[in-house]
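Trainee: Just one file: start30.txt, with compact mmCIF, C-alpha atoms.
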# COMPACT_ATOMS: atom_id res chain seq x y z
CA MET A 1 57.00 118.59 93.63
CA ALA A 2 56.52 114.81 93.36
CA THR A 3 58.48 112.59 95.69
CA VAL A 4 60.19 109.41 94.52
CA LYS A 5 59.65 106.29 96.57
CA GLN A 6 62.83 104.70 97.97
CA GLU A 7 62.27 101.47 96.01
CA GLU A 8 62.10 103.48 92.78
CA LEU A 9 65.52 105.09 93.24
CA PRO A 10 68.53 103.73 91.29
CA LEU A 11 70.22 100.89 93.15
CA VAL A 12 73.87 101.24 94.24
CA LEU A 13 75.87 98.54 96.02
CA VAL A 14 78.38 99.88 98.59
CA ARG A 15 81.83 98.40 99.26
CA ARG A 16 83.60 99.93 102.27
CA PRO A 17 85.86 98.95 105.20
CA PRO A 18 84.02 98.11 108.45
CA ASN A 19 85.57 100.93 110.46
CA PHE A 20 85.03 103.65 107.85
CA HIS A 21 82.69 106.50 108.76
CA PHE A 22 80.36 107.14 105.80
CA PRO A 23 79.90 110.95 106.05
CA PHE A 24 78.08 111.47 102.73
CA LYS A 25 75.69 108.55 103.11
CA ASP A 26 72.66 110.73 103.96
CA ARG A 27 73.17 112.87 100.87
CA LEU A 28 73.48 109.83 98.63
CA GLN A 29 70.34 108.26 100.04
CA THR A 30 68.22 111.12 98.72
CA HIS A 31 69.20 110.11 95.17
CA PHE A 32 70.01 106.39 95.37
CA ARG A 33 68.91 103.24 97.14
CA LEU A 34 72.07 102.06 98.88
CA LEU A 35 72.77 98.40 99.54
CA ASP A 36 75.46 98.05 102.19
CA PRO A 37 76.35 94.57 103.52
CA LEU A 38 77.66 96.16 106.73
CA ASP A 39 74.14 97.43 107.47
CA SER A 40 72.50 94.02 106.99
CA ASP A 41 70.45 92.71 109.90
CA PRO A 42 71.13 89.98 110.85
CA PRO A 43 74.83 90.33 109.88
CA GLU A 44 75.70 88.71 106.58
CA SER A 45 78.98 87.96 104.86
CA THR A 46 79.98 90.08 101.88
CA HIS A 47 79.97 86.99 99.64
CA SER A 48 76.45 86.03 100.67
CA PHE A 49 75.11 89.59 100.46
CA PHE A 50 76.60 90.25 97.02
CA SER A 51 75.35 86.90 95.69
CA ARG A 52 71.83 87.56 96.97
CA HIS A 53 71.61 90.93 95.19
CA ALA A 54 73.73 90.03 92.15
CA ALA A 55 70.90 90.10 89.61
CA SER A 56 69.86 93.66 90.44
CA VAL A 57 73.27 95.36 90.89
CA HIS A 58 74.68 97.42 88.02
CA VAL A 59 76.68 100.01 90.01
CA LEU A 60 79.25 99.49 92.78
CA LEU A 61 80.39 102.38 94.99
CA CYS A 62 83.87 101.65 96.36
CA VAL A 63 84.50 103.85 99.42
CA ASN A 64 88.19 104.25 100.30
CA PRO A 65 90.72 101.88 98.68
CA THR A 66 88.76 98.74 99.60
CA PRO A 67 89.89 95.84 97.38
CA VAL A 68 87.69 94.95 94.41
CA THR A 69 89.11 91.63 93.26
CA ARG A 70 88.31 89.33 90.36
CA GLY A 71 86.63 86.97 92.81
CA LEU A 72 84.37 89.71 94.12
CA LEU A 73 83.55 90.87 90.59
CA SER A 74 82.56 87.32 89.69
CA LEU A 75 79.69 87.64 92.19
CA LEU A 76 78.26 90.57 90.21
CA PRO A 77 77.62 89.34 86.65
CA PHE A 78 75.56 92.39 85.61
CA LEU A 79 77.88 95.07 86.98
CA GLN A 80 78.43 97.99 84.57
CA LEU A 81 80.11 100.70 86.65
CA ILE A 82 82.51 100.99 89.61
CA VAL A 83 82.59 104.44 91.24
CA GLY A 84 85.81 104.95 93.22
CA SER A 85 85.91 107.61 95.94
CA SER A 86 89.74 107.78 95.97
CA THR A 87 92.18 109.08 93.38
CA GLY A 88 94.09 105.81 93.01
CA VAL A 89 92.51 102.73 91.46
CA ASP A 90 95.25 100.18 92.27
CA HIS A 91 92.81 98.40 94.62
CA ILE A 92 90.53 97.52 91.68
CA ASP A 93 91.23 94.65 89.28
CA LEU A 94 91.34 96.83 86.17
CA GLN A 95 92.31 93.96 83.88
CA GLU A 96 89.12 92.10 84.77
CA CYS A 97 87.10 95.31 84.41
CA ARG A 98 88.50 95.82 80.90
CA ARG A 99 87.71 92.23 79.99
CA ARG A 100 84.11 92.67 81.09
CA SER A 101 83.77 96.27 79.82
CA ILE A 102 83.03 97.59 83.31
CA ALA A 103 83.56 101.35 83.49
CA VAL A 104 85.70 102.62 86.41
CA THR A 105 85.79 106.17 87.75
CA ASN A 106 87.92 107.83 90.42
CA ALA A 107 87.98 111.10 92.35
CA GLY A 108 90.12 112.80 89.71
CA LYS A 109 91.64 116.08 90.96
CA ALA A 110 89.12 116.57 93.78
CA PHE A 111 91.61 115.85 96.59
CA SER A 112 94.79 117.19 94.94
CA PRO A 113 94.97 120.52 96.84
CA ASP A 114 94.33 118.78 100.18
CA VAL A 115 96.99 116.11 99.57
CA ALA A 116 99.45 118.82 98.48
CA ASP A 117 98.79 120.75 101.71
CA LEU A 118 99.46 117.58 103.70
CA ALA A 119 102.69 116.87 101.80
CA VAL A 120 104.05 120.34 102.56
CA GLY A 121 102.89 120.05 106.17
CA LEU A 122 104.70 116.72 106.58
CA LEU A 123 107.85 118.18 105.03
CA ILE A 124 107.88 121.16 107.39
CA ASP A 125 107.16 118.85 110.33
CA VAL A 126 110.12 116.58 109.49
CA LEU A 127 112.56 119.40 108.73
CA ARG A 128 111.64 121.53 111.76
CA ARG A 129 111.18 118.38 113.91
CA VAL A 130 107.82 119.57 115.19
CA SER A 131 106.33 116.16 116.09
CA ALA A 132 109.67 114.78 117.26
CA GLY A 133 110.22 117.82 119.49
CA CYS A 134 106.74 117.50 120.94
CA GLN A 135 107.37 113.85 121.83
CA TYR A 136 110.75 114.77 123.32
CA VAL A 137 109.20 117.33 125.68
CA ARG A 138 106.21 115.15 126.62
CA ALA A 139 108.55 112.29 127.52
CA GLY A 140 110.39 114.56 129.97
CA LEU A 141 113.63 114.32 128.01
CA TRP A 142 114.27 118.09 127.88
CA ALA A 143 114.91 118.16 131.63
CA GLN A 144 116.87 114.90 131.48
CA ASN A 145 119.01 115.37 128.35
CA GLY A 146 118.90 119.09 127.65
CA GLU A 147 117.64 121.10 124.71
CA PHE A 148 116.24 119.38 121.64
CA PRO A 149 118.43 119.69 118.50
CA LEU A 150 117.48 122.40 116.04
CA GLY A 151 115.81 121.48 112.77
CA PHE A 152 116.38 122.65 109.22
CA LYS A 153 114.77 125.43 107.20
CA LEU A 154 112.67 124.66 104.14
CA GLY A 155 113.82 127.66 102.12
CA GLY A 156 116.46 126.81 99.53
CA LYS A 157 115.92 123.04 99.71
CA ARG A 158 116.17 121.07 96.47
CA VAL A 159 112.94 119.09 96.17
CA GLY A 160 112.40 116.25 93.73
CA ILE A 161 108.81 115.30 93.02
CA VAL A 162 108.16 111.71 91.95
CA GLY A 163 105.06 111.92 89.78
CA LEU A 164 104.20 115.42 88.55
CA GLY A 165 100.48 114.84 88.04
CA SER A 166 97.75 117.00 89.55
CA ILE A 167 98.99 116.41 93.12
CA GLY A 168 102.65 116.89 92.21
CA ALA A 169 101.86 120.14 90.39
CA GLU A 170 99.97 121.46 93.41
CA ILE A 171 102.93 120.57 95.67
CA ALA A 172 105.35 122.40 93.37
CA LYS A 173 103.08 125.46 93.35
CA ARG A 174 103.17 125.56 97.16
CA LEU A 175 106.92 125.01 97.52
CA GLU A 176 108.11 127.63 95.02
CA PRO A 177 107.22 130.59 97.31
CA PHE A 178 109.39 128.99 100.02
CA GLY A 179 112.36 129.38 97.69
CA CYS A 180 112.69 125.66 96.97
CA SER A 181 114.34 124.42 93.81
CA ILE A 182 111.96 121.98 92.10
CA SER A 183 112.71 119.08 89.75
CA TYR A 184 110.70 116.00 88.92
CA ASN A 185 110.51 112.48 87.56
CA SER A 186 107.63 111.17 85.48
CA ARG A 187 107.17 108.69 82.65
CA ARG A 188 107.62 111.47 80.10
CA LYS A 189 108.99 114.99 80.12
CA LYS A 190 106.23 117.60 80.28
CA PRO A 191 106.88 120.33 77.67
CA SER A 192 104.81 122.93 79.53
CA VAL A 193 106.64 122.45 82.86
CA PRO A 194 109.66 124.71 83.55
CA PHE A 195 111.29 122.40 86.13
CA PRO A 196 114.19 120.06 85.29
CA TRP A 197 113.11 116.52 84.40
CA PHE A 198 115.02 113.38 85.39
CA LYS A 199 114.38 110.19 83.46
CA ASN A 200 114.92 107.95 86.49
CA VAL A 201 114.33 108.32 90.23
CA TYR A 202 117.93 107.50 91.15
CA ASP A 203 119.27 110.57 89.33
CA LEU A 204 116.48 112.65 90.86
CA ALA A 205 117.62 111.54 94.33
CA VAL A 206 121.29 112.30 93.60
CA ASN A 207 120.39 115.89 92.71
CA ASN A 208 117.99 116.68 95.57
CA ASP A 209 117.68 117.04 99.34
CA VAL A 210 114.05 115.91 99.49
CA LEU A 211 111.94 113.40 97.58
CA ILE A 212 108.16 113.79 97.63
CA VAL A 213 106.45 110.65 96.35
CA CYS A 214 102.99 111.11 94.84
CA CYS A 215 102.90 108.86 91.78
CA THR A 216 100.43 106.09 91.01
CA LEU A 217 101.12 102.61 92.36
CA THR A 218 101.56 100.07 89.56
CA GLU A 219 103.63 96.91 89.21
CA GLU A 220 106.33 99.08 87.61
CA SER A 221 106.32 101.69 90.38
CA ARG A 222 106.21 99.25 93.33
CA HIS A 223 109.31 99.96 95.51
CA ILE A 224 110.34 102.70 93.07
CA ILE A 225 111.97 104.28 96.14
CA SER A 226 114.50 101.50 96.68
CA LYS A 227 117.49 101.21 98.98
CA ASP A 228 119.76 102.53 96.21
CA VAL A 229 117.51 105.57 95.67
CA MET A 230 117.35 106.35 99.40
CA THR A 231 121.13 105.90 99.76
CA ALA A 232 121.63 108.28 96.82
CA LEU A 233 119.51 110.88 98.65
CA GLY A 234 122.10 110.86 101.44
CA LYS A 235 122.26 111.26 105.22
CA GLU A 236 120.60 114.68 105.15
CA GLY A 237 117.85 113.46 102.84
CA VAL A 238 114.14 113.50 103.61
CA ILE A 239 111.38 111.41 102.03
CA ILE A 240 107.70 112.36 102.03
CA ASN A 241 105.13 109.83 100.80
CA VAL A 242 101.53 110.86 100.04
CA GLY A 243 101.04 108.22 97.32
CA ARG A 244 100.81 104.57 98.35
CA GLY A 245 102.86 102.74 100.97
CA ALA A 246 104.24 100.16 98.53
CA LEU A 247 105.97 102.86 96.47
CA ILE A 248 108.74 102.71 99.09
CA ASP A 249 110.73 99.68 100.20
CA GLU A 250 109.68 100.30 103.80
CA LYS A 251 111.96 97.70 105.40
CA GLU A 252 114.98 99.41 103.86
CA LEU A 253 113.59 102.82 104.80
CA VAL A 254 113.38 101.82 108.47
CA GLN A 255 116.91 100.39 108.45
CA LEU A 256 118.35 103.56 106.89
CA LEU A 257 116.56 105.75 109.44
CA VAL A 258 117.72 103.61 112.37
CA ARG A 259 121.34 103.68 111.14
CA GLY A 260 121.21 107.45 110.61
CA GLU A 261 121.77 107.10 106.87
CA LEU A 262 118.63 109.10 106.14
CA CYS A 263 117.55 112.27 107.96
CA GLY A 264 113.80 111.69 108.16
CA ALA A 265 110.55 110.58 106.59
CA GLY A 266 106.99 111.89 106.61
CA LEU A 267 104.52 109.14 105.73
CA ASP A 268 100.82 109.64 105.05
CA VAL A 269 100.59 106.02 103.89
CA PHE A 270 102.06 102.66 104.87
Can you give me the file's structure in the form of structure tokens?
Mentor:
Amino acid sequence: MATVKQEELPLVLVRRPPNFHFPFKDRLQTHFRLLDPLDSDPPESTHSFFSRHAASVHVLLCVNPTPVTRGLLSLLPFLQLIVGSSTGVDHIDLQECRRRSIAVTNAGKAFSPDVADLAVGLLIDVLRRVSAGCQYVRAGLWAQNGEFPLGFKLGGKRVGIVGLGSIGAEIAKRLEPFGCSISYNSRRKKPSVPFPWFKNVYDLAVNNDVLIVCCTLTEESRHIISKDVMTALGKEGVIINVGRGALIDEKELVQLLVRGELCGAGLDVF
């Protein structure tokens, strides 16, 4: 079997955060010639590195939600494809990509089951106060203040899912066996889904004990979980966010938690 020389492999430019471990790099290098500014020796700025290789780069691999701005794209005049390793693409300037006819891919449904597992895990943790109880004991407060307050059971909870896409559907599938009552909010009602649909998030909050946020971040969905929505959820309400941090008005979330006007929150993102 003939071997392909490294310089003959297709060229791929890598965009990643400095502290990100690149676990699949070795596998990619058997098929592609990777250009990574963080591996440059001597160290070189991203701007300088991209400019130096601009003429030969047609594909950009964006690892994690690292910003791909219009300014960065301007350094790559021959770019044809951006490969995103995450499900969301809000970190990529899609308007500029459309203008230049640059194709953009994402991870699709690859991570949906894992994110759904995490969402359910966070919900159980908040309701049963697993992490909070652990911190209470480790701080020596059991001996000082007495037993830690009991948590709440998951069974029978009314759970509203904000964004019933592939992740939301996987979350619903996991919560049904617990005996949870599921409803959802999305841009449109889904004819094939048996759960009640609410046209707006406020009404979803009024009719549920828990909100699980897993929708896409856009300008329209930024702070979709507002103070009014969280207040409507009530003092016993719980919010789980496995979408993007900016979907929630976090300053208001903190204030409501501190004042005891919201029971708890499980946040995978900030």
Trainee: Show me, as a ChimeraX atom specification, the residues that have an atom within 7 Å of Arg129 (chain A) when counting all atoms listed in the file, minus same-chain residues fewer than 4 positions from it.
Mentor: /A:125,133,151
Trainee: Listing only residues of region 152-183 of chain A within 9 Å of region 112-115 of chain A, what is the closest atom pair and its distance in Å (to one decimal) for each, using only C-alpha atoms, sorted by chain and residue number ascending, as a tab-separated table?
Mentor:
residue	atom	partner	partner_atom	distance
A:Ser166	CA	A:Ser112	CA	6.2
A:Ile167	CA	A:Ser112	CA	4.6
A:Gly168	CA	A:Ser112	CA	8.3
A:Ala169	CA	A:Ser112	CA	8.9
A:Glu170	CA	A:Pro113	CA	6.1
A:Ile171	CA	A:Pro113	CA	8.0
Trainee: Quick one: residues within 8 Å of region 57-68 of chain A, only C-alpha atoms counted, chain neighbours fewer than 6 positions away excluded, as a short mmCIF file (atom, residue, chain, number, x, y, z; two decimals) with C-alpha atoms, in the coordinates of the input?
Mentor:
data_model
loop_
_atom_site.label_atom_id
_atom_site.label_comp_id
_atom_site.auth_asym_id
_atom_site.auth_seq_id
_atom_site.Cartn_x
_atom_site.Cartn_y
_atom_site.Cartn_z
CA LEU A 11 70.22 100.89 93.15
CA VAL A 12 73.87 101.24 94.24
CA LEU A 13 75.87 98.54 96.02
CA VAL A 14 78.38 99.88 98.59
CA ARG A 15 81.83 98.40 99.26
CA ARG A 16 83.60 99.93 102.27
CA PRO A 17 85.86 98.95 105.20
CA LEU A 76 78.26 90.57 90.21
CA PHE A 78 75.56 92.39 85.61
CA LEU A 79 77.88 95.07 86.98
CA GLN A 80 78.43 97.99 84.57
CA LEU A 81 80.11 100.70 86.65
CA ILE A 82 82.51 100.99 89.61
CA VAL A 83 82.59 104.44 91.24
CA GLY A 84 85.81 104.95 93.22
CA SER A 85 85.91 107.61 95.94
CA SER A 86 89.74 107.78 95.97
CA GLY A 88 94.09 105.81 93.01
CA VAL A 89 92.51 102.73 91.46
CA HIS A 91 92.81 98.40 94.62
CA ILE A 92 90.53 97.52 91.68
CA ASP A 93 91.23 94.65 89.28
#
Trainee: Write out, as a tab-separated table, each residue of region 85-201 of chain A that has an atom at most 8 Å from region 235-244 of chain A, together with the closest pair of atoms and their distance in Å to one decimal, counting all atoms listed in the file, rows going by chain and rising number.
Mentor:
residue	atom	partner	partner_atom	distance
A:Val115	CA	A:Val242	CA	7.0
A:Leu118	CA	A:Val242	CA	7.9
A:Ala119	CA	A:Val242	CA	6.4
A:Leu122	CA	A:Ile240	CA	7.0
A:Leu123	CA	A:Ile240	CA	6.5
A:Val126	CA	A:Val238	CA	7.8
A:Leu127	CA	A:Val238	CA	8.0
Trainee: Can you measure CA of Asn145 (chain A) to CA of Ala132 (chain A) for me? One decimal in Å is fine.
Mentor: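 Value for the CA of Asn145 (chain A)-CA of Ala132 (chain A) distance: 14.5 Å.
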Trainee: Which of these residues is nearest to Ser45 (chain A), using all atoms listed in the file: A:Cys263, A:Gln135, A:Pro18, A:His31?
Mentor: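 That would be A:Pro18, the residue with the smallest distance to Ser45 (chain A).
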Trainee: How many Å lie between CA of Glu252 (chain A) and CA of Leu211 (chain A), rounded to one decimal?
Mentor: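 Computing it gives 15.6 Å between the two atoms.
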Trainee: Hey, can you check how far CA of Arg99 (chain A) sits from CA of Leu72 (chain A)?
Mentor: 14.7 Å
Trainee: Check the smallest atom-to-atom distance from each of A:Ser192, A:Gln29, A:Ser74, A:Thr231 to Glu96 (chain A) using all atoms listed in the file, then report the winner.
Mentor: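 Between A:Ser192, A:Gln29, A:Ser74, A:Thr231, the residue approaching Glu96 (chain A) most closely is A:Ser74.
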Trainee: Find the residues near region 158-160 of chain A: any atom within 9 Å, counting only C-alpha atoms, skip ones fewer than 6 places away on the same chain, and give them as a PyMOL selection string.
Mentor: chain A and resi 172+175+180-185+201+204-205+207-213
Trainee: For Arg188 (chain A), please output as a list of chain:residue names all residues within 10 Å (counting only C-alpha atoms; exclusion window: fewer than 5 positions along the same chain).
Mentor: A:Leu164, A:Trp197, A:Phe198, A:Lys199
Trainee: From the options A:Gly156, A:Gly146, A:Pro10, A:Gly260, which residue's atoms come nearest to Glu176 (chain A), counting all atoms listed in the file?
Mentor: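 Between A:Gly156, A:Gly146, A:Pro10, A:Gly260, the residue approaching Glu176 (chain A) most closely is A:Gly156.
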Trainee: Which one of A:Arg52, A:Phe148, A:Trp142, A:Phe22 sits closest to Arg128 (chain A) if you count all atoms listed in the file?
Mentor: A:Phe148
Trainee: From the list A:Leu267, A:Val120, A:Ala54, A:Ala139, which residue is nearest Leu247 (chain A) when using all atoms listed in the file?
Mentor: A:Leu267
